[in-house]
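Visitor: Submitted below is the structure of interest, expressed as structure tokens.
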Amino acid sequence: MKLPHECAIDITNNSKVLAIAEFAYDGTLITHNRGFRLLFALFLADNNCWQDFFLEDASQIIQNEQLDLDSNTQFLKTTKGSKLLCSFRKMPSSFYCIGEILDLKEEQLIEEISDLSNIMAKLNLQLRKEKQQLIQAKKKIETISREDPLTSLLNRRAFFDIIYPRISLAKRQKMEITLFFIDLDYFKSVNDNWGHDAGDLLLTAIANMLKKTLRLEDIICRFGGEEFVIALTGQTLESALILANRILENCRATHIESVDRISTLSIGVAQWDKTEDIHKLIKRADDACYMAKHSGRNKYVVSRALPSMQRVKPETESSS
């Protein structure tokens with residue numbers, strides 16, 4: 001198991017089984033861990049060198065070119081009388097002496113193992129918590145990047161992420177795709193007469209209405225402002241137009257207390273011709289929505305782009 005860098009440092013610094021010290025090549029002590037401090041507590045001073053702790057001459061050991069210090073260990077007699085099984089690691093400007101304390105009592109070894117186990121348990125718990133936090137943060141970021149904050153519908157970016165693979169699937173399985181481009185009628189007057197808070201409430205109510213009216217597999221997107229885009233798959237044009245009528249009816253039945261008027265929609269309908277890209281399909285639906293708005297609103301208009309699609313008689317605006 002590969003320990004995290006911080007974990008390895010923590011275990012090394014707090015070990016009582018290993019006495020670890022870093023020395024300069026002139027013998028000066030640079031730093032040491034807890035095990036080294038416990039072993040040589042009486043000998044530590046501000047300016048210690050190798051000879052304060054070990055009876056052997058540091059220069060003879062370190063400068064011995066015949067000795068591979070990175071793989072060979074040495075039994076060294078300490079000034080405290082203990083014997084250490086030492087290994088060395090050479091660095092550019094210093095070397096590490098890593099000594100295993102051989103005369104620890106069994107109780108001390110058990111305590112050391114217990115301490116290390118506790119450290120590992122705490123670190124594992126911390127890692128699990130941090131991993132869970134990262135997963136939750138990632139999900140939150142993904143949601144923020146894909147969801148419209150006001151209506152909780154998909155935003156434009158998420159719509160395109162989903163529609164491209166949906167079109168590829170439709171090509172393979174020869175499925176129909178119908179697009180609705182929806183614009184909320186006279187929305188500017190809602191903001192002007194009742195305020196932007198009322199406008200936000202109305203947009204949220206319309207979004208909730210769309211979610212209740214449509215199937216789970218249908219793609220519903222707030223495309224921008226008071227515009228919504230819906231992609232239906234696996235439905236004939238006739239079925240899609242029945243659904244468009246239902247959306248118009250449900251919109252007229254949607255009320256919020258702060259807005260004293262009936263809300264209506266204009267819908268542009270375009271059926272995918274199995275060759276055009278999504279941007280052309282959206283453009284045709286948008287153009288049809290424009291025609292609906294400029295021919296009375298509160299209706300749907302079907303795109304004229306395809307010869308097989310006949311213009312459907314638009315529904316007239318309901319009186320309030």
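As shown in the structure tokens, the chain order sets the letters A, B, ...; within each chain, residues go from 1, and ligands are also counted from 1 in the order they appear.
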What's around region 221-232 of chain A at 7 Å? Count only C-alpha atoms, leave out sequence neighbours fewer than 5 positions away in its own chain, and write the answer as an mmCIF file with N, CA and C atoms, in the first residue's frame.
Guide:
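Saved as result_2.cif:
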```
data_model
loop_
_atom_site.group_PDB
_atom_site.id
_atom_site.type_symbol
_atom_site.label_atom_id
_atom_site.label_comp_id
_atom_site.auth_asym_id
_atom_site.auth_seq_id
_atom_site.Cartn_x
_atom_site.Cartn_y
_atom_site.Cartn_z
ATOM 1 N N ASP A 148 -30.407 25.320 -14.570
ATOM 2 C CA ASP A 148 -30.817 26.711 -14.456
ATOM 3 C C ASP A 148 -31.161 26.993 -12.989
ATOM 4 N N LEU A 153 -34.533 23.651 -14.293
ATOM 5 C CA LEU A 153 -34.507 22.928 -15.560
ATOM 6 C C LEU A 153 -33.067 22.846 -16.068
ATOM 7 N N LEU A 154 -32.858 22.026 -17.101
ATOM 8 C CA LEU A 154 -31.548 22.014 -17.752
ATOM 9 C C LEU A 154 -31.257 23.383 -18.338
ATOM 10 N N ASN A 155 -29.985 23.779 -18.307
ATOM 11 C CA ASN A 155 -29.624 25.012 -19.004
ATOM 12 C C ASN A 155 -29.215 24.691 -20.440
ATOM 13 N N ARG A 156 -28.863 25.720 -21.195
ATOM 14 C CA ARG A 156 -28.559 25.531 -22.614
ATOM 15 C C ARG A 156 -27.385 24.576 -22.819
ATOM 16 N N PHE A 159 -28.462 21.051 -22.305
ATOM 17 C CA PHE A 159 -29.328 20.616 -23.405
ATOM 18 C C PHE A 159 -28.505 20.062 -24.558
ATOM 19 N N ILE A 177 -37.757 12.827 -33.849
ATOM 20 C CA ILE A 177 -37.455 13.853 -32.857
ATOM 21 C C ILE A 177 -38.240 15.106 -33.235
ATOM 22 N N THR A 178 -38.988 15.618 -32.297
ATOM 23 C CA THR A 178 -39.752 16.846 -32.512
ATOM 24 C C THR A 178 -39.291 17.879 -31.495
ATOM 25 N N LEU A 179 -39.099 19.090 -31.973
ATOM 26 C CA LEU A 179 -38.592 20.161 -31.108
ATOM 27 C C LEU A 179 -39.657 21.234 -30.940
ATOM 28 N N PHE A 180 -39.869 21.659 -29.698
ATOM 29 C CA PHE A 180 -40.719 22.808 -29.383
ATOM 30 C C PHE A 180 -39.822 23.969 -28.971
ATOM 31 N N PHE A 181 -40.030 25.113 -29.598
ATOM 32 C CA PHE A 181 -39.394 26.356 -29.133
ATOM 33 C C PHE A 181 -40.518 27.191 -28.550
ATOM 34 N N ILE A 182 -40.468 27.456 -27.250
ATOM 35 C CA ILE A 182 -41.566 28.084 -26.518
ATOM 36 C C ILE A 182 -41.151 29.452 -26.000
ATOM 37 N N ASP A 183 -42.037 30.417 -26.179
ATOM 38 C CA ASP A 183 -41.792 31.769 -25.674
ATOM 39 C C ASP A 183 -43.007 32.213 -24.873
ATOM 40 N N LEU A 184 -42.779 32.709 -23.674
ATOM 41 C CA LEU A 184 -43.862 33.170 -22.812
ATOM 42 C C LEU A 184 -44.366 34.524 -23.337
ATOM 43 N N LEU A 203 -42.058 32.344 -14.256
ATOM 44 C CA LEU A 203 -41.156 31.434 -14.973
ATOM 45 C C LEU A 203 -41.037 30.093 -14.249
#
```
Visitor: DSSP says strand (DSSP E or B) for which residues of region 123-223 of chain A? Put them as a list in words?
Guide: Glu147, Leu154, Ile177, Thr178, Leu179, Phe180, Phe181, Ile182, Asp183, Leu184, Ile219, Ile220, Cys221, Arg222 and Phe223 of chain A
Visitor: Using only C-alpha atoms, can you tell me which of A:His32, A:His196, A:Lys139, A:Arg215 comes closest to Val259 (chain A)?
Guide: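 Of all the options, A:His196 lies closest to Val259 (chain A).
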Visitor: Which residues are near Ile242 (chain A)? Cut-off 12 Å, only C-alpha atoms, ignore same chain within fewer than 2 positions. Put them as number ranges by chain.
Guide: A: 213-214, 235-240, 244-249, 269, 300, 312, 315
Visitor: Since we have the selection now, will you write its residues out, keeping N, CA, C and O atoms, as an mmCIF file, in the first residue's frame?
Guide:
```cif
data_model
loop_
_atom_site.group_PDB
_atom_site.id
_atom_site.type_symbol
_atom_site.label_atom_id
_atom_site.label_comp_id
_atom_site.auth_asym_id
_atom_site.auth_seq_id
_atom_site.Cartn_x
_atom_site.Cartn_y
_atom_site.Cartn_z
ATOM 1 N N THR A 213 -46.330 18.115 -17.286
ATOM 2 C CA THR A 213 -47.031 17.781 -18.522
ATOM 3 C C THR A 213 -46.260 16.776 -19.368
ATOM 4 O O THR A 213 -46.855 15.928 -20.042
ATOM 5 N N LEU A 214 -44.940 16.856 -19.334
ATOM 6 C CA LEU A 214 -44.101 16.048 -20.224
ATOM 7 C C LEU A 214 -43.639 14.759 -19.564
ATOM 8 O O LEU A 214 -43.760 14.571 -18.351
ATOM 9 N N GLN A 235 -41.988 10.177 -30.858
ATOM 10 C CA GLN A 235 -43.384 10.577 -31.026
ATOM 11 C C GLN A 235 -43.617 11.047 -32.450
ATOM 12 O O GLN A 235 -42.773 11.719 -33.044
ATOM 13 N N THR A 236 -44.784 10.712 -32.992
ATOM 14 C CA THR A 236 -45.154 11.228 -34.310
ATOM 15 C C THR A 236 -45.470 12.708 -34.193
ATOM 16 O O THR A 236 -45.688 13.235 -33.091
ATOM 17 N N LEU A 237 -45.524 13.366 -35.338
ATOM 18 C CA LEU A 237 -45.865 14.790 -35.333
ATOM 19 C C LEU A 237 -47.269 15.003 -34.772
ATOM 20 O O LEU A 237 -47.510 15.947 -34.015
ATOM 21 N N GLU A 238 -48.194 14.108 -35.121
ATOM 22 C CA GLU A 238 -49.571 14.255 -34.639
ATOM 23 C C GLU A 238 -49.615 14.176 -33.107
ATOM 24 O O GLU A 238 -50.299 14.976 -32.448
ATOM 25 N N SER A 239 -48.868 13.235 -32.526
ATOM 26 C CA SER A 239 -48.821 13.115 -31.063
ATOM 27 C C SER A 239 -48.172 14.336 -30.430
ATOM 28 O O SER A 239 -48.595 14.817 -29.371
ATOM 29 N N ALA A 240 -47.143 14.855 -31.097
ATOM 30 C CA ALA A 240 -46.453 16.037 -30.575
ATOM 31 C C ALA A 240 -47.378 17.245 -30.565
ATOM 32 O O ALA A 240 -47.352 18.060 -29.638
ATOM 33 N N ALA A 244 -48.572 19.705 -27.664
ATOM 34 C CA ALA A 244 -48.446 21.167 -27.731
ATOM 35 C C ALA A 244 -49.737 21.836 -27.298
ATOM 36 O O ALA A 244 -49.736 22.840 -26.569
ATOM 37 N N ASN A 245 -50.885 21.280 -27.734
ATOM 38 C CA ASN A 245 -52.180 21.819 -27.308
ATOM 39 C C ASN A 245 -52.353 21.709 -25.799
ATOM 40 O O ASN A 245 -52.856 22.628 -25.143
ATOM 41 N N ARG A 246 -51.906 20.565 -25.238
ATOM 42 C CA ARG A 246 -52.034 20.373 -23.794
ATOM 43 C C ARG A 246 -51.185 21.385 -23.035
ATOM 44 O O ARG A 246 -51.596 21.898 -21.986
ATOM 45 N N ILE A 247 -49.987 21.672 -23.559
ATOM 46 C CA ILE A 247 -49.120 22.668 -22.911
ATOM 47 C C ILE A 247 -49.791 24.036 -22.930
ATOM 48 O O ILE A 247 -49.776 24.772 -21.925
ATOM 49 N N LEU A 248 -50.408 24.407 -24.053
ATOM 50 C CA LEU A 248 -51.101 25.695 -24.141
ATOM 51 C C LEU A 248 -52.243 25.772 -23.125
ATOM 52 O O LEU A 248 -52.427 26.794 -22.453
ATOM 53 N N GLU A 249 -53.003 24.677 -23.009
ATOM 54 C CA GLU A 249 -54.122 24.651 -22.059
ATOM 55 C C GLU A 249 -53.619 24.750 -20.622
ATOM 56 O O GLU A 249 -54.173 25.506 -19.805
ATOM 57 N N VAL A 269 -42.979 24.567 -33.630
ATOM 58 C CA VAL A 269 -42.793 23.118 -33.693
ATOM 59 C C VAL A 269 -41.995 22.764 -34.946
ATOM 60 O O VAL A 269 -42.321 23.222 -36.051
ATOM 61 N N TYR A 300 -49.613 27.328 -31.474
ATOM 62 C CA TYR A 300 -48.393 26.737 -32.007
ATOM 63 C C TYR A 300 -48.412 26.874 -33.523
ATOM 64 O O TYR A 300 -49.478 26.940 -34.149
ATOM 65 N N VAL A 312 -50.509 23.594 -39.459
ATOM 66 C CA VAL A 312 -51.644 23.278 -38.624
ATOM 67 C C VAL A 312 -52.354 24.577 -38.282
ATOM 68 O O VAL A 312 -51.742 25.600 -37.979
ATOM 69 N N GLU A 315 -54.153 27.810 -32.942
ATOM 70 C CA GLU A 315 -55.189 27.988 -31.919
ATOM 71 C C GLU A 315 -55.266 29.459 -31.579
ATOM 72 O O GLU A 315 -54.268 30.139 -31.397
#
```
Visitor: Quick check, in Å to one decimal: how far apart do CA of Lys77 (chain A) and CA of Asn47 (chain A) lie?
Guide: 20.9 Å
Visitor: Would you mind reading off the distance between CA of Thr28 (chain A) and CA of Ser87 (chain A), one decimal, in Å?
Guide: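 Going from CA of Thr28 (chain A) over to CA of Ser87 (chain A), I get 17.7 Å.
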Visitor: Which one of A:Ala288, A:Met91, A:Cys86, A:Ala41 sits closest to Tyr25 (chain A) if you count only C-alpha atoms?
Guide: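 Comparing A:Ala288, A:Met91, A:Cys86, A:Ala41 against Tyr25 (chain A), the winner is A:Met91.
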Visitor: Name the residues of region 121-226 of chain A that fall into alpha helix (DSSP H) according to DSSP on the backbone, using the chain letters and numbers of this document, as number ranges by chain.
Guide: A: 121-146, 156-173, 187-194, 196-213
Visitor: Contacts of Gly99 (chain A) at 7 Å or less, counting only C-alpha atoms, minus same-chain residues fewer than 3 places along, as a list in words?
Guide: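 Everything that qualifies: Leu18, Ala19, Ile20, Leu84, Leu85, Cys86 and Ser87 of chain A.
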Visitor: What is the CA of Trp50 (chain A) to CA of Phe95 (chain A) distance in Å?
Guide: 11.3 Å
